[in-house]
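Have a look at entry_5.cif below; it lists mmCIF, C-alpha atoms and all ligand atoms.
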data_input
#
loop_
_atom_site.label_atom_id
_atom_site.label_comp_id
_atom_site.auth_asym_id
_atom_site.auth_seq_id
_atom_site.Cartn_x
_atom_site.Cartn_y
_atom_site.Cartn_z
CA MET A 100 101.44 78.57 74.02
CA GLU A 101 104.63 76.98 75.26
CA PHE A 102 105.78 79.45 77.90
CA VAL A 103 102.73 81.43 79.02
CA LEU A 104 99.70 80.07 80.88
CA TYR A 105 96.43 81.97 81.06
CA GLU A 106 93.64 81.15 83.48
CA VAL A 107 90.38 83.03 83.97
CA LYS A 108 88.70 82.84 87.37
CA ASP A 109 85.38 84.62 87.09
CA ARG A 110 86.29 88.34 86.85
CA ILE A 111 90.04 88.02 87.30
CA ALA A 112 92.72 86.26 85.25
CA ILE A 113 96.14 84.89 86.04
CA ILE A 114 99.04 85.05 83.58
CA THR A 115 101.88 82.68 84.50
CA ILE A 116 105.29 82.85 82.83
CA ASN A 117 105.99 79.16 82.56
CA ARG A 118 109.62 78.47 81.74
CA GLU A 119 110.66 76.99 85.03
CA SER A 120 113.74 75.16 83.69
CA ALA A 121 115.32 78.61 83.00
CA LEU A 122 113.77 80.22 86.11
CA ASN A 123 111.21 81.86 83.80
CA ALA A 124 113.84 83.93 81.97
CA LEU A 125 112.44 86.07 79.18
CA ASN A 126 113.54 85.05 75.70
CA SER A 127 111.96 86.40 72.50
CA GLN A 128 109.38 83.64 72.43
CA VAL A 129 108.22 84.35 75.99
CA LEU A 130 107.91 88.05 75.13
CA ASP A 131 105.91 87.28 71.97
CA GLU A 132 103.61 84.90 73.84
CA LEU A 133 103.10 87.42 76.63
CA SER A 134 102.17 90.10 74.10
CA GLU A 135 99.70 87.77 72.36
CA THR A 136 98.19 86.75 75.70
CA LEU A 137 97.53 90.40 76.58
CA ASP A 138 95.98 91.00 73.15
CA ASN A 139 93.54 88.17 73.79
CA VAL A 140 92.34 89.12 77.30
CA ASP A 141 88.54 89.33 77.21
CA LEU A 142 88.01 92.82 78.60
CA GLU A 143 84.26 92.31 78.64
CA GLN A 144 84.72 89.77 81.42
CA VAL A 145 88.09 90.26 83.09
CA ARG A 146 88.59 93.24 85.43
CA CYS A 147 92.00 92.59 86.94
CA LEU A 148 95.08 90.57 85.97
CA ILE A 149 97.65 88.82 88.13
CA LEU A 150 101.11 88.19 86.69
CA THR A 151 103.28 85.51 88.27
CA GLY A 152 105.98 82.95 87.50
CA ALA A 153 105.79 79.16 87.51
CA GLY A 154 107.22 77.38 90.57
CA GLU A 155 108.20 78.56 94.05
CA LYS A 156 111.75 79.69 93.29
CA SER A 157 111.55 82.35 90.64
CA PHE A 158 109.18 84.99 89.35
CA VAL A 159 111.41 85.92 86.39
CA ALA A 160 115.23 85.64 86.56
CA GLY A 161 115.69 88.30 83.88
CA ALA A 162 116.04 88.51 80.14
CA ASP A 163 117.57 85.40 78.61
CA ILE A 164 121.34 85.81 78.94
CA ALA A 165 122.10 83.00 76.46
CA GLU A 166 119.98 84.69 73.79
CA MET A 167 121.53 88.10 74.48
CA SER A 168 125.13 86.89 74.59
CA THR A 169 125.72 87.03 70.81
CA LEU A 170 123.67 90.09 69.87
CA THR A 171 125.14 92.96 67.83
CA LYS A 172 124.53 96.60 68.86
CA LYS A 173 121.61 96.80 66.44
CA GLU A 174 120.12 93.51 67.60
CA GLY A 175 120.60 94.53 71.23
CA GLU A 176 118.62 97.72 70.65
CA ALA A 177 115.88 95.75 68.87
CA PHE A 178 115.71 93.24 71.75
CA GLY A 179 115.37 96.15 74.19
CA LYS A 180 112.54 97.55 72.11
CA LYS A 181 110.81 94.18 71.98
CA GLY A 182 110.80 93.97 75.79
CA ASN A 183 109.90 97.63 76.22
CA ASP A 184 106.93 97.32 73.84
CA VAL A 185 105.46 94.38 75.76
CA PHE A 186 106.12 95.97 79.15
CA ARG A 187 104.54 99.24 78.01
CA LYS A 188 101.52 97.26 76.81
CA LEU A 189 101.29 95.82 80.32
CA GLU A 190 101.76 99.21 81.98
CA THR A 191 99.07 100.86 79.88
CA PHE A 192 96.76 97.83 79.89
CA PRO A 193 93.21 99.12 80.46
CA ILE A 194 92.67 97.09 83.65
CA PRO A 195 94.96 96.86 86.72
CA VAL A 196 97.74 94.27 86.82
CA ILE A 197 99.10 92.88 90.10
CA ALA A 198 102.56 91.30 90.07
CA ALA A 199 102.66 88.33 92.46
CA VAL A 200 106.44 88.01 92.79
CA ASN A 201 107.30 84.48 93.87
CA GLY A 202 111.09 84.43 94.26
CA TYR A 203 113.75 85.89 91.97
CA ALA A 204 112.81 89.13 90.21
CA LEU A 205 116.13 90.04 88.64
CA GLY A 206 116.90 92.28 85.68
CA GLY A 207 113.95 91.91 83.30
CA GLY A 208 112.07 90.22 86.17
CA CYS A 209 112.32 93.29 88.39
CA GLU A 210 111.51 95.40 85.33
CA ILE A 211 108.36 93.49 84.35
CA SER A 212 107.11 93.70 87.94
CA MET A 213 107.60 97.47 87.79
CA SER A 214 105.41 97.63 84.67
CA CYS A 215 102.54 96.27 86.77
CA ASP A 216 100.31 98.54 88.87
CA ILE A 217 100.96 96.82 92.20
CA ARG A 218 103.64 94.42 93.46
CA ILE A 219 103.30 91.94 96.32
CA CYS A 220 105.89 89.26 96.94
CA SER A 221 106.67 86.07 98.81
CA GLU A 222 109.16 86.20 101.70
CA ASN A 223 111.80 84.45 99.54
CA ALA A 224 111.62 87.14 96.82
CA VAL A 225 114.86 88.75 95.67
CA PHE A 226 114.88 91.92 93.58
CA GLY A 227 117.78 93.38 91.68
CA GLN A 228 119.19 94.88 88.52
CA PRO A 229 122.37 92.81 87.96
CA GLU A 230 122.97 94.13 84.43
CA ALA A 231 126.01 96.29 85.21
CA GLY A 232 127.81 93.11 86.24
CA LEU A 233 126.90 91.55 82.88
CA GLY A 234 128.32 94.47 80.93
CA ILE A 235 124.99 96.02 79.92
CA THR A 236 122.49 98.52 81.26
CA PRO A 237 119.02 97.47 82.40
CA GLY A 238 117.20 97.33 79.06
CA PHE A 239 113.51 96.71 79.71
CA GLY A 240 112.75 99.99 81.50
CA GLY A 241 114.80 99.50 84.68
CA THR A 242 116.77 102.74 84.43
CA GLN A 243 113.50 104.65 84.10
CA ARG A 244 110.90 102.91 86.26
CA LEU A 245 113.06 102.06 89.29
CA ALA A 246 114.07 105.71 89.69
CA ARG A 247 110.40 106.72 89.43
CA LEU A 248 109.16 104.07 91.88
CA VAL A 249 111.76 104.32 94.63
CA SER A 250 114.07 107.32 95.12
CA PRO A 251 116.55 108.13 92.30
CA GLY A 252 119.39 107.70 94.82
CA TYR A 253 118.27 104.21 95.82
CA ALA A 254 117.67 103.22 92.19
CA LYS A 255 121.15 104.40 91.26
CA GLN A 256 122.68 102.51 94.18
CA MET A 257 120.91 99.28 93.18
CA ILE A 258 121.79 99.65 89.49
CA TYR A 259 125.41 100.81 89.88
CA THR A 260 126.30 98.20 92.51
CA ALA A 261 124.16 95.41 90.95
CA ARG A 262 123.32 94.37 94.52
CA ASN A 263 120.25 92.20 94.99
CA ILE A 264 117.83 93.07 97.79
CA LYS A 265 115.57 90.79 99.80
CA ALA A 266 111.83 91.13 100.27
CA ALA A 267 112.06 93.09 103.55
CA GLU A 268 114.28 95.74 101.94
CA ALA A 269 112.02 95.90 98.87
CA LEU A 270 109.13 96.60 101.24
CA ARG A 271 111.10 99.27 103.10
CA ILE A 272 111.97 101.20 99.93
CA GLY A 273 108.42 100.96 98.57
CA LEU A 274 109.17 98.60 95.69
CA VAL A 275 106.50 96.17 96.96
CA ASN A 276 103.30 96.76 98.88
CA ASP A 277 103.36 93.58 100.96
CA VAL A 278 105.48 90.52 101.78
CA ILE A 279 103.67 87.21 102.25
CA GLY A 280 105.07 84.26 104.21
CA ALA A 281 104.24 80.59 104.60
CA THR A 282 101.89 79.49 107.37
CA ALA A 283 102.37 76.59 109.77
CA ASP A 284 100.31 74.75 112.37
CA GLU A 285 101.23 74.62 116.06
CA ALA A 286 103.52 71.66 115.48
CA GLY A 287 105.43 73.68 112.91
CA ASN A 288 104.16 71.79 109.85
CA VAL A 289 103.71 74.05 106.86
CA THR A 290 100.01 74.36 106.09
CA ALA A 291 100.43 76.70 103.14
CA THR A 292 103.60 77.71 101.29
CA ALA A 293 104.56 81.32 100.75
CA LYS A 294 103.64 80.92 97.07
CA GLU A 295 100.19 79.56 97.95
CA ASN A 296 99.57 82.39 100.39
CA LEU A 297 100.94 84.91 97.89
CA MET A 298 98.52 83.77 95.20
CA ALA A 299 95.64 83.79 97.69
CA ALA A 300 96.54 87.36 98.69
CA ALA A 301 96.87 88.43 95.05
CA GLU A 302 93.50 86.90 94.18
CA LYS A 303 91.87 88.54 97.20
CA MET A 304 93.22 91.92 96.11
CA ALA A 305 92.24 91.32 92.47
CA ASN A 306 88.71 90.33 93.48
CA GLY A 307 88.49 93.44 95.64
CA ILE A 308 89.37 95.52 92.57
CA ALA A 309 86.97 93.54 90.37
CA MET A 310 84.09 94.38 92.73
CA GLN A 311 84.45 98.10 92.07
CA ALA A 312 82.93 99.92 89.12
CA PRO A 313 85.12 98.91 86.16
CA ILE A 314 84.81 102.16 84.23
CA ALA A 315 85.90 104.06 87.34
CA VAL A 316 88.83 101.71 88.00
CA ARG A 317 90.07 102.01 84.41
CA ASN A 318 89.80 105.79 84.55
CA CYS A 319 91.67 105.84 87.88
CA LYS A 320 94.54 103.85 86.31
CA LYS A 321 94.68 106.15 83.32
CA ALA A 322 94.55 109.30 85.47
CA ILE A 323 97.35 108.14 87.78
CA ASN A 324 99.61 106.84 84.99
CA GLU A 325 99.14 109.76 82.61
CA GLY A 326 99.19 112.35 85.40
CA LEU A 327 102.53 111.08 86.69
CA GLN A 328 104.11 111.81 83.30
CA THR A 329 103.21 115.50 83.24
CA ASP A 330 103.16 118.65 85.39
CA ILE A 331 100.44 119.15 88.03
CA ASP A 332 98.48 121.73 86.00
CA LYS A 333 98.11 119.37 83.07
CA ALA A 334 97.64 116.39 85.41
CA ILE A 335 94.59 117.83 87.14
CA VAL A 336 93.00 118.52 83.73
CA ILE A 337 93.57 114.84 82.87
CA GLU A 338 91.78 113.97 86.13
CA GLU A 339 88.89 116.36 85.42
CA LYS A 340 88.27 114.80 82.02
CA LEU A 341 88.37 111.22 83.33
CA PHE A 342 86.19 112.20 86.31
CA GLY A 343 83.65 113.75 83.93
CA ASP A 344 83.81 110.68 81.71
CA CYS A 345 82.38 108.56 84.56
CA PHE A 346 79.12 110.53 84.71
CA GLU A 347 75.98 109.32 82.93
CA THR A 348 77.41 105.77 82.95
CA GLU A 349 75.33 102.93 84.36
CA ASP A 350 78.07 102.35 86.92
CA GLN A 351 77.87 105.89 88.27
CA LYS A 352 74.08 105.84 88.37
CA ALA A 353 74.01 102.45 90.12
CA GLY A 354 76.93 103.26 92.45
CA MET A 355 75.55 106.57 93.67
CA GLY A 356 71.95 105.34 93.49
CA ASN A 357 72.78 102.49 95.85
CA PHE A 358 74.42 104.84 98.32
CA LEU A 359 71.43 107.17 98.32
CA GLU A 360 69.02 104.24 98.72
CA LYS A 361 67.20 104.51 102.05
CA ASP A 362 66.78 100.76 102.31
CA LYS A 363 69.84 99.54 104.28
CA GLU A 364 69.86 96.15 102.55
CA LYS A 365 69.99 97.74 99.12
CA LYS A 366 72.51 100.34 100.24
CA LEU A 367 75.01 97.62 101.04
CA LYS A 368 74.30 95.46 98.02
CA VAL A 369 77.05 94.96 95.46
CA VAL A 370 76.28 97.01 92.38
CA PRO A 371 75.92 95.10 89.09
CA PHE A 372 78.58 97.20 87.42
CA LYS A 373 78.94 96.92 83.67
CA ASN A 374 82.19 96.65 81.75
CA ARG A 375 82.71 99.23 79.06
N1 LIG B 401 118.87 83.77 81.32
C1 LIG B 401 119.02 82.51 80.86
N2 LIG B 401 119.02 81.42 81.66
C2 LIG B 401 118.87 81.63 82.97
C3 LIG B 401 118.70 82.91 83.53
C4 LIG B 401 118.72 84.02 82.63
N3 LIG B 401 118.52 85.27 83.05
N4 LIG B 401 118.60 82.79 84.87
C5 LIG B 401 118.68 81.48 85.14
N5 LIG B 401 118.83 80.76 84.01
C6 LIG B 401 118.95 79.32 83.87
C7 LIG B 401 120.35 78.84 84.22
O1 LIG B 401 121.23 78.98 83.12
C8 LIG B 401 120.10 77.39 84.58
O2 LIG B 401 119.94 76.66 83.38
P1 LIG B 401 120.62 75.18 83.26
O3 LIG B 401 119.92 74.38 84.32
O4 LIG B 401 120.28 74.78 81.87
O5 LIG B 401 122.06 75.37 83.55
C9 LIG B 401 118.70 77.44 85.23
O6 LIG B 401 118.13 78.67 84.82
C10 LIG B 401 118.79 77.44 86.74
O7 LIG B 401 119.63 78.53 87.13
P2 LIG B 401 120.84 78.36 88.17
O8 LIG B 401 121.43 76.98 88.07
O9 LIG B 401 121.77 79.51 87.96
O10 LIG B 401 120.06 78.49 89.55
P3 LIG B 401 120.64 79.01 90.92
O11 LIG B 401 119.61 78.68 91.94
O12 LIG B 401 122.02 78.51 91.16
O13 LIG B 401 120.77 80.60 90.77
C11 LIG B 401 119.98 82.78 90.10
C12 LIG B 401 119.61 81.36 90.60
C13 LIG B 401 120.75 83.53 91.22
C14 LIG B 401 118.71 83.52 89.78
C15 LIG B 401 120.89 82.65 88.85
O14 LIG B 401 120.25 81.78 87.94
C16 LIG B 401 121.15 83.94 88.16
O15 LIG B 401 121.95 84.74 88.62
N6 LIG B 401 120.47 84.20 87.01
C17 LIG B 401 120.71 85.34 86.20
C18 LIG B 401 120.08 86.58 86.82
C19 LIG B 401 120.40 87.81 85.99
O16 LIG B 401 121.53 88.21 85.87
N7 LIG B 401 119.36 88.44 85.42
C20 LIG B 401 119.50 89.61 84.62
C21 LIG B 401 119.59 89.24 83.17
S1 LIG B 401 120.01 90.61 82.16
C22 LIG B 401 118.56 91.43 81.86
O17 LIG B 401 117.51 91.10 82.38
C23 LIG B 401 118.70 92.56 80.88
C24 LIG B 401 117.53 93.45 80.73
O18 LIG B 401 117.29 94.32 81.53
C25 LIG B 401 116.71 93.34 79.56
#
For the file at hand, write its structure as structure tokens.
Amino acid sequence: MEFVLYEVKDRIAIITINRESALNALNSQVLDELSETLDNVDLEQVRCLILTGAGEKSFVAGADIAEMSTLTKKEGEAFGKKGNDVFRKLETFPIPVIAAVNGYALGGGCEISMSCDIRICSENAVFGQPEAGLGITPGFGGTQRLARLVSPGYAKQMIYTARNIKAAEALRIGLVNDVIGATADEAGNVTATAKENLMAAAEKMANGIAMQAPIAVRNCKKAINEGLQTDIDKAIVIEEKLFGDCFETEDQKAGMGNFLEKDKEKKLKVVPFKNR
């Protein structure tokens, strides 16, 4: 693949959008490669994904403006569908996806991060939906997911004014869970960049997820995502079914068995959970 890197580290995997010369902007090829990468994730082994961008400056600076500049109405709609299909694949991916946002997350960049389960970012991250200034609407889910993630009022303000926000504001409005900075020694020399610390934090979180029972984690993702799309009466039935689905699995037997184990050593031991 030319624009997408894929690296497996034991039970987690890192997908890197690697088009640094265009600040990792999403053209059709990047979207196709991303879709193919997701199709090829080995779900027998991998339990959590991290999505990031190449370099320290940009996560994803949006959909490719050069490619979009000459599209007809029909082609514009098809390009929107192409992005939406990939982002929906990411959103409904069976295992959790953490967006490690290293710098600019604008337009399609903000939108792809919102298709992930969890967002953490570096202190130099900038989020925004600049589309209104380009004469278009957000087209890869921004009008829908931003309003669902932060308040509708804040989403409308960001989208109508096309104003970018910095990491601290993204944290305040709940768009990201954490902001990670660089570290320095006593003399002020940088010992680890914000990007390095961000990736370390993302991997730590991903490994924490990968340690839990994978069938349970997948069912939690499904229950939360599907439940959010419906009313509470239907949502709790979704939960009941996915809760019930966990029983009689090896994971449930081992997880509860370990807890009930009188031997303290065994009680604390990590359960050899099985992937589905
Ligand atoms: N599409 C295509 N190319 C892009 C790009 C984009 N979204 N963002 C950056 N690039 C390219 C630039 O054209 C430039 O290429 P050249 O070196 O060949 O000229 C290279 O990346 C570096 O960019 P800059 O020189 O502009 O870097 P900068 O540091 O001065 O500015 C920036 C950085 C503020 C992020 C600026 O690049 C920028 O504003 N980018 C566009 C952001 C944007 O508007 N994104 C939304 C796109 S629309 C969208 O995403 C629609 C949708 O919902 C589907």
Stretch 205-210 of chain A surroundings by only C-alpha atoms, 8 Å radius, close-in-sequence under 6 positions cut, as a count of residues only: 21
Coordinates-based distance that separates atom CA of A:Gly273 from atom CA of A:Asp163 (Å, one decimal): 26.9 Å
Two-atom distance - atom CA of A:Leu133, atom CA of A:Lys108 (Å):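 Atom CA of A:Lys108 lies at a distance of 18.5 Å from atom CA of A:Leu133.
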Two-atom distance - atom CA of A:Asn201, atom CA of A:Thr151 (Å):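 Atom CA of A:Thr151 lies at a distance of 7.0 Å from atom CA of A:Asn201.
Counting only C-alpha atoms, the residue from A:Val145, A:Leu137, A:Ser120, A:Ala204 that sits nearest to A:Asp184 is A:Leu137.
Remark: for A:Ser157, the closest of the candidate residues A:Glu174, A:Glu135, A:Glu222, A:Glu101 is A:Glu222 (distances computed over all atoms listed in the file).
With distances restricted to only C-alpha atoms, A:Pro195 is the closest residue to A:Cys147 from A:Gly202, A:Gly252, A:Gly354, A:Pro195.
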Counting all atoms listed in the file, the option among A:Ala281, A:Met298, A:Ile164, A:Ala266 closest to A:Asn223: A:Ala266
Spatial neighbours of A:Ile116, 7 Å, all atoms listed in the file, chain gap at least 2 places, as a list of chain:residue names: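 So, after excluding close chain neighbours, the residues are A:Phe102, A:Val103, A:Leu104, A:Ile114, A:Arg118, A:Asn123, A:Thr151, A:Gly152, A:Ala153.
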Minimum-distance residue to ligand LIG 401 (chain B), chosen among A:Lys172, A:Lys181, A:Arg146, A:Arg218 (using all atoms listed in the file): A:Lys181
Using all atoms listed in the file: which of A:Gly232, A:Ala198, A:Val129, A:Asp216 has the shortest distance to ligand LIG 401 (chain B):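 The closest residue to ligand LIG 401 (chain B) is A:Gly232.
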Long-range neighbours of stretch 301-316 of chain A as a ChimeraX atom specification, 10 Å cut-off, all atoms listed in the file, 6 positions minimum in chain: /A:108-113,144-151,193-200,217-220,279,295,322,341-342,344-346,348-351,353-354,369-375
The centre and edge lengths of an axis-aligned box containing all atoms of stretch 316-328 of chain A present in the file, extended by 3 Å on each side, are to be given in Å to one decimal, as JSON.
{"center_x": 96.5, "center_y": 107.0, "center_z": 85.3, "size_x": 21.3, "size_y": 16.6, "size_z": 11.4}
Can you give me N, CA and C atoms for stretch 201-234 of chain A, written as a compact mmCIF listing (two decimals), in the frame of the given file?
# COMPACT_ATOMS: atom_id res chain seq x y z
N ASN A 201 107.02 85.70 93.12
CA ASN A 201 107.30 84.48 93.87
C ASN A 201 108.77 84.08 93.72
N GLY A 202 109.68 84.81 94.37
CA GLY A 202 111.09 84.43 94.26
C GLY A 202 111.88 85.45 93.46
N TYR A 203 112.85 84.97 92.69
CA TYR A 203 113.75 85.89 91.97
C TYR A 203 113.02 86.83 91.01
N ALA A 204 113.30 88.11 91.16
CA ALA A 204 112.81 89.13 90.21
C ALA A 204 114.03 89.96 89.86
N LEU A 205 114.83 89.42 88.96
CA LEU A 205 116.13 90.04 88.64
C LEU A 205 116.11 90.60 87.22
N GLY A 206 116.82 91.70 87.01
CA GLY A 206 116.90 92.28 85.68
C GLY A 206 115.51 92.47 85.09
N GLY A 207 115.27 91.83 83.94
CA GLY A 207 113.95 91.91 83.30
C GLY A 207 112.81 91.47 84.19
N GLY A 208 113.11 90.67 85.22
CA GLY A 208 112.07 90.22 86.17
C GLY A 208 111.64 91.36 87.08
N CYS A 209 112.63 92.11 87.58
CA CYS A 209 112.32 93.29 88.39
C CYS A 209 111.59 94.30 87.50
N GLU A 210 112.07 94.41 86.26
CA GLU A 210 111.51 95.40 85.33
C GLU A 210 110.06 95.08 84.96
N ILE A 211 109.75 93.81 84.73
CA ILE A 211 108.36 93.49 84.35
C ILE A 211 107.44 93.72 85.56
N SER A 212 107.95 93.45 86.77
CA SER A 212 107.11 93.70 87.94
C SER A 212 106.81 95.19 88.07
N MET A 213 107.79 96.02 87.68
CA MET A 213 107.60 97.47 87.79
C MET A 213 106.65 98.02 86.71
N SER A 214 106.38 97.21 85.69
CA SER A 214 105.41 97.63 84.67
C SER A 214 103.98 97.33 85.12
N CYS A 215 103.87 96.59 86.22
CA CYS A 215 102.54 96.27 86.77
C CYS A 215 102.11 97.41 87.71
N ASP A 216 100.83 97.45 88.02
CA ASP A 216 100.31 98.54 88.87
C ASP A 216 100.74 98.38 90.31
N ILE A 217 100.73 97.11 90.78
CA ILE A 217 100.96 96.82 92.20
C ILE A 217 101.85 95.59 92.28
N ARG A 218 102.80 95.58 93.24
CA ARG A 218 103.64 94.42 93.46
C ARG A 218 103.45 93.91 94.88
N ILE A 219 103.18 92.59 95.02
CA ILE A 219 103.30 91.94 96.32
C ILE A 219 104.22 90.75 96.10
N CYS A 220 104.91 90.34 97.17
CA CYS A 220 105.89 89.26 96.94
C CYS A 220 105.90 88.26 98.07
N SER A 221 106.48 87.10 97.78
CA SER A 221 106.67 86.07 98.81
C SER A 221 107.92 86.43 99.61
N GLU A 222 108.04 85.83 100.81
CA GLU A 222 109.16 86.20 101.70
C GLU A 222 110.52 85.79 101.12
N ASN A 223 110.53 84.85 100.15
CA ASN A 223 111.80 84.45 99.54
C ASN A 223 112.14 85.28 98.29
N ALA A 224 111.37 86.34 98.04
CA ALA A 224 111.62 87.14 96.82
C ALA A 224 112.97 87.87 96.92
N VAL A 225 113.59 88.01 95.78
CA VAL A 225 114.86 88.75 95.67
C VAL A 225 114.74 89.66 94.45
N PHE A 226 114.96 90.95 94.67
CA PHE A 226 114.88 91.92 93.58
C PHE A 226 116.28 92.44 93.26
N GLY A 227 116.49 92.79 92.02
CA GLY A 227 117.78 93.38 91.68
C GLY A 227 117.90 93.69 90.20
N GLN A 228 118.86 94.55 89.91
CA GLN A 228 119.19 94.88 88.52
C GLN A 228 120.66 94.53 88.34
N PRO A 229 120.97 93.25 88.02
CA PRO A 229 122.37 92.81 87.96
C PRO A 229 123.08 93.17 86.66
N GLU A 230 122.44 93.94 85.78
CA GLU A 230 122.97 94.13 84.43
C GLU A 230 124.38 94.70 84.39
N ALA A 231 124.68 95.67 85.28
CA ALA A 231 126.01 96.29 85.21
C ALA A 231 127.10 95.24 85.34
N GLY A 232 126.85 94.19 86.09
CA GLY A 232 127.81 93.11 86.24
C GLY A 232 127.92 92.25 84.99
N LEU A 233 126.90 92.33 84.13
CA LEU A 233 126.90 91.55 82.88
C LEU A 233 127.41 92.38 81.71
N GLY A 234 127.77 93.61 81.99
CA GLY A 234 128.32 94.47 80.93
C GLY A 234 127.28 95.20 80.11
